[in-house]
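data.csv, holding CSV, C-alpha atoms:
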```
chain,number,residue,atom,x,y,z
F,102,MET,CA,87.2,157.5,157.7
F,103,GLU,CA,87.9,161.2,157.4
F,104,GLU,CA,86.2,161.3,154.0
F,105,ILE,CA,83.1,159.6,155.5
F,106,THR,CA,82.9,162.1,158.3
F,107,GLU,CA,83.3,165.0,155.9
F,108,VAL,CA,80.5,163.6,153.7
F,109,SER,CA,78.2,163.2,156.7
F,110,SER,CA,79.0,166.7,157.8
F,111,ARG,CA,78.1,168.1,154.3
F,112,HIS,CA,74.9,166.0,154.2
F,113,GLY,CA,73.9,167.3,157.7
F,114,LYS,CA,74.5,170.9,156.7
F,115,THR,CA,72.4,170.4,153.5
F,116,VAL,CA,69.5,168.8,155.4
F,117,LEU,CA,69.7,171.7,158.0
F,118,LYS,CA,69.7,174.3,155.2
F,119,TYR,CA,66.7,172.8,153.5
F,120,LEU,CA,64.9,172.4,156.9
F,121,LEU,CA,65.5,176.1,157.7
F,122,ARG,CA,64.4,177.1,154.3
F,123,THR,CA,61.2,175.0,154.6
F,124,LEU,CA,60.5,176.5,158.0
F,125,GLY,CA,61.1,180.0,156.6
F,126,VAL,CA,58.6,179.4,153.8
F,127,PHE,CA,56.1,178.0,156.2
F,128,PHE,CA,56.2,180.9,158.7
F,129,LEU,CA,56.2,183.4,155.8
F,130,THR,CA,53.1,181.7,154.5
F,131,ILE,CA,51.4,181.8,157.9
F,132,ALA,CA,52.4,185.5,158.3
F,133,LEU,CA,50.9,186.3,154.8
F,134,ILE,CA,47.7,184.5,155.6
F,135,LEU,CA,47.3,186.3,158.9
F,136,ALA,CA,48.1,189.6,157.2
F,137,PHE,CA,45.4,188.9,154.6
F,138,LEU,CA,42.9,187.9,157.2
F,139,TYR,CA,43.6,191.0,159.3
F,140,SER,CA,43.3,193.2,156.2
F,141,ALA,CA,40.0,191.5,155.4
F,142,LEU,CA,38.8,192.3,158.9
F,143,LEU,CA,39.9,195.9,158.5
F,144,ILE,CA,37.9,196.2,155.2
F,145,ILE,CA,34.8,194.7,156.8
F,146,CYS,CA,34.9,196.6,160.0
F,147,ARG,CA,36.5,199.9,158.9
F,148,GLY,CA,35.2,200.0,155.3
F,149,PRO,CA,32.3,201.9,153.8
F,150,SER,CA,29.6,199.2,154.4
F,151,GLU,CA,28.1,199.7,157.9
F,152,SER,CA,25.7,196.7,157.3
F,153,ALA,CA,28.6,194.4,156.5
F,154,ARG,CA,30.4,195.5,159.7
F,155,ASN,CA,27.3,195.0,161.8
F,156,LEU,CA,26.5,191.6,160.3
F,157,PHE,CA,30.1,190.5,161.0
F,158,VAL,CA,30.1,191.8,164.6
F,159,HIS,CA,26.8,190.2,165.4
F,160,SER,CA,27.8,186.9,163.8
F,161,VAL,CA,31.0,186.5,165.8
F,162,ARG,CA,29.7,187.9,169.1
F,163,GLU,CA,26.8,185.4,169.0
F,164,THR,CA,29.3,182.5,169.5
F,165,SER,CA,31.5,182.0,172.5
F,166,ALA,CA,34.5,180.6,170.7
F,167,VAL,CA,35.4,183.4,168.2
F,168,GLY,CA,33.8,186.5,169.7
F,169,PHE,CA,37.2,188.0,170.1
F,170,LEU,CA,37.6,188.5,166.4
F,171,ALA,CA,35.6,191.7,166.5
F,172,ASN,CA,38.0,193.1,169.2
F,173,LEU,CA,41.0,192.8,166.9
F,174,VAL,CA,39.8,195.9,164.9
F,175,LEU,CA,37.1,197.5,167.0
F,176,SER,CA,37.1,198.9,170.5
F,177,GLU,CA,34.7,197.3,173.1
F,178,ALA,CA,32.7,200.6,173.1
F,179,GLU,CA,32.2,200.4,169.3
F,180,ILE,CA,31.2,196.7,169.6
F,181,GLU,CA,28.7,197.4,172.4
F,182,ALA,CA,27.1,200.2,170.4
F,183,ILE,CA,26.5,197.7,167.6
F,184,VAL,CA,25.2,194.8,169.6
F,185,ALA,CA,23.2,196.8,172.2
F,186,ARG,CA,19.5,195.9,172.2
F,187,PRO,CA,16.6,198.1,173.3
F,188,GLU,CA,15.0,197.2,176.6
F,189,ALA,CA,12.6,194.3,176.2
F,190,GLN,CA,9.0,195.1,176.7
F,191,VAL,CA,6.7,192.9,178.8
F,192,GLN,CA,3.8,191.8,176.7
F,193,GLU,CA,1.1,189.4,178.0
F,194,THR,CA,0.1,186.6,175.7
F,195,ASP,CA,-3.4,186.8,174.3
F,196,THR,CA,-4.5,183.3,174.9
F,197,SER,CA,-7.8,183.9,172.9
F,198,LEU,CA,-5.7,183.7,169.7
F,199,ILE,CA,-5.1,180.0,170.3
F,200,SER,CA,-8.0,177.6,169.7
F,201,MET,CA,-7.3,173.9,169.9
F,202,ALA,CA,-9.7,171.6,168.0
F,203,ALA,CA,-9.2,167.9,168.3
F,204,ALA,CA,-9.1,165.9,165.0
F,205,PRO,CA,-12.1,163.7,164.4
F,206,GLU,CA,-11.6,160.0,165.4
F,207,GLY,CA,-10.6,157.8,162.5
F,208,SER,CA,-10.4,160.7,160.0
F,209,GLU,CA,-8.0,160.4,157.1
F,210,PRO,CA,-5.0,162.8,157.1
F,211,ALA,CA,-5.9,166.0,155.4
F,212,ALA,CA,-4.0,169.2,154.6
F,213,ASP,CA,-4.3,171.8,157.3
F,214,PRO,CA,-5.0,175.5,156.5
F,215,TRP,CA,-1.2,176.0,155.9
F,216,GLY,CA,-1.0,173.1,153.4
F,217,TYR,CA,0.8,170.5,155.5
F,218,THR,CA,-0.3,166.9,155.9
F,219,ASP,CA,0.6,164.3,158.5
F,220,ASP,CA,1.1,161.5,156.0
F,221,ASP,CA,2.3,158.8,158.3
F,222,GLY,CA,-0.1,159.7,161.1
F,223,ASP,CA,2.5,160.0,163.9
F,224,GLY,CA,1.3,163.6,164.7
F,225,ILE,CA,4.6,165.1,163.6
F,226,ILE,CA,5.4,166.8,160.2
F,227,ILE,CA,8.9,167.5,159.1
F,228,VAL,CA,9.2,170.2,156.5
F,229,PRO,CA,12.6,171.2,154.9
F,230,VAL,CA,13.1,175.0,154.7
F,231,ALA,CA,15.7,177.1,152.8
F,232,GLY,CA,16.7,180.7,152.2
F,233,GLU,CA,19.5,182.6,150.5
F,234,SER,CA,22.0,181.7,153.2
F,235,TYR,CA,20.6,178.7,155.0
F,236,VAL,CA,18.8,175.3,155.0
F,237,GLY,CA,17.0,173.8,157.9
F,238,LYS,CA,13.9,171.9,159.1
F,239,MET,CA,10.6,172.9,160.6
F,240,MET,CA,9.0,170.3,162.8
F,241,ILE,CA,5.2,170.6,163.3
F,242,VAL,CA,3.9,168.8,166.5
F,243,LEU,CA,0.1,168.7,166.1
F,244,ASP,CA,-0.6,167.9,169.7
F,245,PRO,CA,1.0,170.6,172.0
F,246,SER,CA,0.5,168.4,175.1
F,247,ARG,CA,3.3,166.2,173.8
F,248,VAL,CA,5.9,168.9,174.2
F,249,VAL,CA,7.8,169.2,177.5
F,250,LEU,CA,11.1,170.7,178.6
F,251,GLY,CA,13.7,168.0,179.2
F,252,CYS,CA,15.8,168.8,182.2
F,253,ALA,CA,18.1,166.8,184.5
F,254,PRO,CA,17.9,168.6,187.8
F,255,GLU,CA,20.4,166.2,189.5
F,256,ARG,CA,23.0,167.1,186.9
F,257,LEU,CA,22.7,170.9,187.0
F,258,GLY,CA,26.1,172.3,187.9
F,259,ILE,CA,27.7,168.9,187.2
F,260,SER,CA,27.2,167.9,183.6
F,261,GLY,CA,24.7,168.5,180.8
F,262,CYS,CA,23.1,166.0,178.4
F,263,THR,CA,23.0,165.8,174.6
F,264,VAL,CA,19.7,166.4,172.8
F,265,GLU,CA,19.6,162.6,172.1
F,266,GLU,CA,20.2,161.8,175.8
F,267,PHE,CA,17.3,164.1,176.7
F,268,ALA,CA,15.1,162.3,174.2
F,269,LEU,CA,16.0,158.9,175.5
F,270,ARG,CA,15.6,160.1,179.1
F,271,TYR,CA,12.0,161.0,178.4
F,272,ASP,CA,11.3,158.1,176.0
F,273,ALA,CA,10.6,160.8,173.4
F,274,VAL,CA,10.1,160.7,169.7
F,275,ALA,CA,11.8,164.0,168.9
F,276,ALA,CA,13.7,166.8,170.5
F,277,ILE,CA,15.5,170.1,169.9
F,278,ASN,CA,17.9,172.0,172.1
F,279,GLY,CA,16.5,174.4,174.6
F,280,GLY,CA,17.8,177.3,176.7
F,281,GLY,CA,21.4,178.6,176.9
F,282,PHE,CA,24.2,177.9,179.4
F,283,MET,CA,27.4,179.3,180.8
F,284,ASP,CA,30.0,178.8,178.0
F,285,LEU,CA,33.1,180.9,178.7
F,286,ASN,CA,35.3,180.8,175.6
F,287,GLY,CA,33.3,177.9,174.2
F,288,GLY,CA,34.4,175.6,177.0
F,289,GLY,CA,31.3,175.1,179.0
F,290,ASN,CA,30.0,171.6,179.7
F,291,GLY,CA,26.3,172.4,179.4
F,292,SER,CA,25.7,172.0,183.1
F,293,ILE,CA,24.9,175.6,184.3
F,294,PRO,CA,21.9,177.2,182.6
F,295,ASP,CA,22.2,180.9,182.3
F,296,THR,CA,18.4,181.5,182.6
F,297,VAL,CA,15.4,180.1,184.5
F,298,LEU,CA,14.1,176.6,183.5
F,299,VAL,CA,10.6,175.2,184.2
F,300,SER,CA,10.1,171.4,183.9
F,301,GLY,CA,7.0,169.6,185.1
F,302,GLY,CA,5.8,172.7,186.8
F,303,GLN,CA,9.0,173.0,188.9
F,304,ILE,CA,11.2,176.1,188.6
F,305,TYR,CA,14.9,175.7,188.5
F,306,ASN,CA,17.6,178.4,188.5
F,307,GLY,CA,14.9,180.9,189.2
F,308,GLY,CA,17.3,183.7,190.2
F,309,SER,CA,19.0,183.9,186.8
F,310,GLY,CA,16.4,185.8,184.8
F,311,VAL,CA,15.2,185.0,181.3
F,312,GLY,CA,17.9,186.4,179.0
F,313,TYR,CA,16.3,188.3,176.1
F,314,GLY,CA,13.0,186.5,176.4
F,315,PHE,CA,11.2,183.6,177.9
F,316,VAL,CA,9.1,180.9,176.2
F,317,GLY,CA,6.8,178.6,178.3
F,318,ILE,CA,3.8,176.3,177.9
F,319,ASP,CA,1.1,176.6,180.5
F,320,SER,CA,-1.2,173.9,181.9
F,321,SER,CA,-3.7,174.4,179.0
F,322,TYR,CA,-0.8,173.8,176.5
F,323,ILE,CA,-0.7,177.4,175.3
F,324,LEU,CA,2.7,178.8,174.6
F,325,HIS,CA,3.6,182.2,176.1
F,326,VAL,CA,6.5,184.4,175.1
F,327,GLY,CA,7.8,187.6,176.7
F,328,PHE,CA,10.3,189.2,179.0
F,329,THR,CA,9.0,188.0,182.3
F,330,SER,CA,9.7,187.2,186.0
F,331,THR,CA,9.4,184.1,188.2
F,332,ASP,CA,6.2,185.6,189.7
F,333,GLN,CA,4.7,185.9,186.2
F,334,ILE,CA,5.8,182.4,185.3
F,335,GLU,CA,3.8,181.1,188.4
F,336,GLN,CA,0.9,183.5,187.6
F,337,TRP,CA,0.6,182.1,184.0
F,338,ASP,CA,0.8,178.5,185.4
F,339,ILE,CA,3.8,177.7,183.2
F,340,GLN,CA,4.6,174.0,183.3
F,341,GLU,CA,7.5,173.8,180.7
F,342,GLY,CA,9.8,176.6,179.6
F,343,ALA,CA,13.2,178.2,179.3
F,344,GLY,CA,14.7,181.6,178.8
F,345,TYR,CA,16.8,182.8,175.9
F,346,GLY,CA,15.3,185.0,173.3
F,347,PRO,CA,14.7,187.3,171.7
F,348,VAL,CA,11.0,187.0,171.2
F,349,LEU,CA,10.3,186.6,167.4
F,350,VAL,CA,6.5,186.8,167.2
F,351,ALA,CA,4.1,188.0,169.9
F,352,ASN,CA,0.3,187.8,169.5
F,353,GLY,CA,0.7,187.4,165.8
F,354,GLN,CA,3.0,190.4,165.3
F,355,PRO,CA,6.6,190.2,164.3
F,356,GLN,CA,8.9,191.8,166.9
F,357,ASP,CA,11.3,193.5,164.6
F,358,THR,CA,11.1,197.1,165.7
F,359,SER,CA,13.9,199.4,167.1
F,360,GLY,CA,16.7,197.0,166.3
F,361,ALA,CA,15.5,194.3,168.7
F,362,LEU,CA,16.2,191.6,166.1
F,363,ALA,CA,19.5,192.8,164.8
F,364,SER,CA,21.7,189.7,164.4
F,365,GLY,CA,24.3,187.9,162.4
F,366,LEU,CA,24.3,184.7,160.3
F,367,ASN,CA,24.4,181.6,162.6
F,368,PRO,CA,22.8,178.2,163.2
F,369,ARG,CA,19.4,178.9,164.9
F,370,THR,CA,16.8,177.1,166.9
F,371,ALA,CA,13.3,178.5,167.7
F,372,ILE,CA,10.0,177.3,169.0
F,373,GLY,CA,6.5,178.7,168.4
F,374,GLN,CA,2.8,177.9,168.3
F,375,ARG,CA,0.1,178.1,165.6
F,376,SER,CA,-3.5,179.3,166.2
F,377,ASP,CA,-4.7,175.7,166.3
F,378,GLY,CA,-2.2,174.9,169.1
F,379,ALA,CA,0.3,173.0,167.0
F,380,ILE,CA,3.9,173.5,168.2
F,381,LEU,CA,6.5,174.7,165.7
F,382,MET,CA,10.1,173.7,166.2
F,383,LEU,CA,12.7,175.2,163.9
F,384,VAL,CA,16.4,174.3,163.5
F,385,ILE,CA,18.6,175.9,160.9
F,386,ASP,CA,22.1,174.7,160.0
F,387,GLY,CA,25.0,177.1,159.9
F,388,ARG,CA,28.8,177.6,159.6
F,389,GLN,CA,28.9,175.2,156.7
F,390,PRO,CA,29.4,175.7,152.9
F,391,SER,CA,25.9,174.6,152.2
F,392,SER,CA,24.3,176.7,154.9
F,393,ILE,CA,26.1,179.8,156.4
F,394,GLY,CA,23.2,180.4,158.8
F,395,ALA,CA,20.2,182.6,159.4
F,396,THR,CA,19.3,185.9,161.1
F,397,TYR,CA,16.5,186.5,163.6
F,398,THR,CA,14.5,188.1,160.9
F,399,ASP,CA,14.8,184.9,158.8
F,400,GLU,CA,13.4,183.0,161.8
F,401,VAL,CA,10.5,185.5,162.0
F,402,ASP,CA,9.7,185.1,158.3
F,403,LEU,CA,9.7,181.3,158.6
F,404,MET,CA,7.6,181.3,161.8
F,405,LEU,CA,5.0,183.6,160.2
F,406,LYS,CA,5.0,181.5,157.0
F,407,PHE,CA,4.1,178.4,159.1
F,408,GLY,CA,1.4,180.3,161.0
F,409,ALA,CA,3.0,181.1,164.3
F,410,VAL,CA,1.0,183.3,166.7
F,411,ASN,CA,3.9,183.3,169.2
F,412,ALA,CA,7.5,182.3,168.7
F,413,CYS,CA,10.8,182.7,170.5
F,414,ASN,CA,14.4,182.2,169.6
F,415,LEU,CA,16.3,179.5,171.6
F,416,ASP,CA,20.0,178.8,172.0
F,417,GLY,CA,21.7,178.4,168.7
F,418,GLY,CA,25.2,178.0,167.3
F,419,SER,CA,26.9,174.7,167.9
F,420,SER,CA,23.9,173.7,170.2
F,421,SER,CA,21.4,173.7,167.3
F,422,LEU,CA,20.2,170.2,166.8
F,423,MET,CA,17.0,168.3,165.8
F,424,TRP,CA,16.5,164.6,166.8
F,425,TYR,CA,13.7,162.5,165.3
F,426,ASN,CA,12.9,158.8,165.3
F,427,GLY,CA,16.3,157.8,166.6
F,428,GLU,CA,18.7,160.1,164.8
F,429,TYR,CA,19.8,163.7,164.3
F,430,ILE,CA,18.2,165.0,161.1
F,431,ASN,CA,20.3,168.2,160.7
F,432,ASN,CA,24.0,168.9,160.6
F,433,CYS,CA,25.8,169.9,163.8
F,434,ALA,CA,28.0,173.1,163.6
F,435,SER,CA,30.3,172.1,166.4
F,436,VAL,CA,33.8,171.2,165.4
F,437,ILE,CA,34.2,169.2,168.7
F,438,GLY,CA,31.1,167.1,168.2
F,439,ILE,CA,27.7,167.0,169.8
F,440,ARG,CA,27.6,169.3,172.8
F,441,ASP,CA,26.1,168.8,176.2
F,442,ILE,CA,23.3,171.2,177.1
F,443,PRO,CA,21.1,171.9,180.3
F,444,SER,CA,17.7,171.6,178.6
F,445,SER,CA,15.8,170.4,175.6
F,446,PHE,CA,12.3,170.7,174.3
F,447,VAL,CA,11.2,167.0,173.7
F,448,VAL,CA,8.2,165.5,172.0
F,449,LEU,CA,6.6,162.6,174.0
F,450,LYS,CA,5.2,159.5,172.3
F,451,GLU,CA,1.7,160.4,173.6
F,452,GLY,CA,0.0,163.6,174.8
F,453,ARG,CA,-0.5,164.3,178.5
F,454,LYS,CA,-4.2,165.0,178.3
```

Go ahead and render the structure in this file as structure tokens.
Amino acid sequence: MEEITEVSSRHGKTVLKYLLRTLGVFFLTIALILAFLYSALLIICRGPSESARNLFVHSVRETSAVGFLANLVLSEAEIEAIVARPEAQVQETDTSLISMAAAPEGSEPAADPWGYTDDDGDGIIIVPVAGESYVGKMMIVLDPSRVVLGCAPERLGISGCTVEEFALRYDAVAAINGGGFMDLNGGGNGSIPDTVLVSGGQIYNGGSGVGYGFVGIDSSYILHVGFTSTDQIEQWDIQEGAGYGPVLVANGQPQDTSGALASGLNPRTAIGQRSDGAILMLVIDGRQPSSIGATYTDEVDLMLKFGAVNACNLDGGSSSLMWYNGEYINNCASVIGIRDIPSSFVVLKEGRK
């Protein structure tokens, strides 16, 4: 009996020794990984490359969940100096640059001046896009009267909706995410928009401003962009719109002066309009091995390539989604699944004319 007890005791001590050794190796490995990551942050933020530092800071500060990483090696004053934007300029949209011509009845699909064709005749063209650091999709909606801002007023302050839920709510064919929302530490439920919303001509959350820019569609289906006020929204007769920004293209000119479009690499969403009235909806994947993400300048280049006269960045990151014909057609960046949001630009089955 004593021999059995002694053997059990030796066995227990052996198990404990191996357990402690394993835990020691585990914690040492974690410590080495953290030390490596911190050293990498120091090299990026305190090294010789100012552009690498700025790209990193913009990238992490554009997301609610990991924005603190920049604070590990930089002071708040240093971070603010990097991400500070020049004061936005109010610029009235030149509506004469948009001329909408109806397609002839019964005509065969033909390539437009930008080389894109609506082969299936549904009035929507999906074009894959790609750059050095990203892949995504551009949706061309030929009839601008089909685009409205999806909003659930009765749920504001309670809970948001997914992009798909907005599409189903409006019996829509397609949808992308819209304006931003309060998202402290990445834990927001998408119910509290952080800017003004306009849906069906009604203004919601009017006292919250427009962020870095506003995008809205008026009663003539012309898309306006700019840093504006509630009074101007009413003056321009905006029927559908949301704030976020920054403005990417205004009256045919890229808005890339004075550091206004300095940014990091992240998932992106943007909306614009061509000179023939067609609405452009862009969604770019990010935070994935196949697509790290895009900058605001990348969005500008794509919008100009597709003929945008006016264009504005929308909420991005884990909210960036494009839904079409019953399914999401891009990859969600969120590790917690599809997120609820307060607004969505949706494409109706038919125009409102």

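Proximity of F:Cys413, F:Val326, F:Ala371, F:Ile334 to Gly346 of chain F, computed with only C-alpha atoms, is greatest for F:Cys413.
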
For Met240 of chain F, work out the shell of residues within 7 Å, counting all atoms listed in the file and skipping chain neighbours fewer than 3 positions away, then give it as a count of residues only. 7

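Proximity ranking of F:Asn306, F:Thr331, F:Ser246, F:Ser321 relative to Arg453 of chain F places F:Ser246 first, based on all atoms listed in the file.
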
Using only C-alpha atoms and a cutoff of 9 Å, can you tell me which residues are near (27.9, 183.0, 168.2) in the file's coordinates, and write them out as a ChimeraX atom specification? /F:159-168,365-368,417-419

Atom-to-atom span, atom CA of Thr396 of chain F and atom CA of Pro245 of chain F, Å: 26.2 Å

Quick one: which segment 318-408 of chain F residues come within 6 Å of segment 264-281 of chain F, and what is the nearest atom pair for each with the distance in Å to one decimal, counting all atoms listed in the file, rows ordered by chain and ascending number, as a tab-separated table?
```
residue	atom	partner	partner_atom	distance
F:Ala343	CA	F:Gly280	CA	5.4
F:Gly344	CA	F:Gly280	CA	5.7
F:Tyr345	CA	F:Gly280	CA	5.6
```

Give me the residues near segment 315-319 of chain F as an mmCIF file with C-alpha atoms, keeping the file's coordinate frame, where near means some atom within 10 Å (using all atoms listed in the file) and where sequence neighbours in that chain fewer than 6 positions away do not count.
```cif
data_model
loop_
_atom_site.group_PDB
_atom_site.id
_atom_site.type_symbol
_atom_site.label_atom_id
_atom_site.label_comp_id
_atom_site.auth_asym_id
_atom_site.auth_seq_id
_atom_site.Cartn_x
_atom_site.Cartn_y
_atom_site.Cartn_z
ATOM 1 C CA PRO F 245 1.000 170.600 172.000
ATOM 2 C CA SER F 246 0.500 168.400 175.100
ATOM 3 C CA VAL F 248 5.900 168.900 174.200
ATOM 4 C CA VAL F 249 7.800 169.200 177.500
ATOM 5 C CA LEU F 250 11.100 170.700 178.600
ATOM 6 C CA GLY F 279 16.500 174.400 174.600
ATOM 7 C CA GLY F 280 17.800 177.300 176.700
ATOM 8 C CA THR F 296 18.400 181.500 182.600
ATOM 9 C CA VAL F 297 15.400 180.100 184.500
ATOM 10 C CA LEU F 298 14.100 176.600 183.500
ATOM 11 C CA VAL F 299 10.600 175.200 184.200
ATOM 12 C CA SER F 300 10.100 171.400 183.900
ATOM 13 C CA GLY F 302 5.800 172.700 186.800
ATOM 14 C CA HIS F 325 3.600 182.200 176.100
ATOM 15 C CA VAL F 326 6.500 184.400 175.100
ATOM 16 C CA GLY F 327 7.800 187.600 176.700
ATOM 17 C CA PHE F 328 10.300 189.200 179.000
ATOM 18 C CA THR F 329 9.000 188.000 182.300
ATOM 19 C CA SER F 330 9.700 187.200 186.000
ATOM 20 C CA ILE F 334 5.800 182.400 185.300
ATOM 21 C CA GLU F 335 3.800 181.100 188.400
ATOM 22 C CA GLN F 336 0.900 183.500 187.600
ATOM 23 C CA TRP F 337 0.600 182.100 184.000
ATOM 24 C CA ASP F 338 0.800 178.500 185.400
ATOM 25 C CA ILE F 339 3.800 177.700 183.200
ATOM 26 C CA GLN F 340 4.600 174.000 183.300
ATOM 27 C CA GLU F 341 7.500 173.800 180.700
ATOM 28 C CA GLY F 342 9.800 176.600 179.600
ATOM 29 C CA ALA F 343 13.200 178.200 179.300
ATOM 30 C CA GLY F 344 14.700 181.600 178.800
ATOM 31 C CA TYR F 345 16.800 182.800 175.900
ATOM 32 C CA GLY F 346 15.300 185.000 173.300
ATOM 33 C CA PRO F 347 14.700 187.300 171.700
ATOM 34 C CA VAL F 348 11.000 187.000 171.200
ATOM 35 C CA ALA F 371 13.300 178.500 167.700
ATOM 36 C CA ILE F 372 10.000 177.300 169.000
ATOM 37 C CA GLY F 373 6.500 178.700 168.400
ATOM 38 C CA GLN F 374 2.800 177.900 168.300
ATOM 39 C CA ASN F 411 3.900 183.300 169.200
ATOM 40 C CA ALA F 412 7.500 182.300 168.700
ATOM 41 C CA CYS F 413 10.800 182.700 170.500
ATOM 42 C CA ASN F 414 14.400 182.200 169.600
ATOM 43 C CA LEU F 415 16.300 179.500 171.600
#
```

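Nearest residue to Trp424 of chain F among F:Ala211, F:Leu257, F:Val230, F:Val448 is F:Val448, counting all atoms listed in the file.
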
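Here atom CA of Glu400 of chain F is placed at a distance of 28.9 Å from atom CA of Asp332 of chain F.
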
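With all atoms listed in the file as the atoms that count, the minimum distance from Ser260 of chain F to the choices F:Ile442, F:Leu324, F:Leu124, F:Ala136 is reached by F:Ile442.
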
Please, what distance in Å, to one decimal, runs between atom CA of Pro210 of chain F and atom CA of Ser445 of chain F? 28.9 Å

With all atoms listed in the file counted, which protein, DNA or RNA residues have an atom no more than 12 Å from (32.8, 176.1, 178.3) in the file frame? Please answer as a PyMOL selection string. chain F and resi 164-166+260-261+281-294+437+440-442
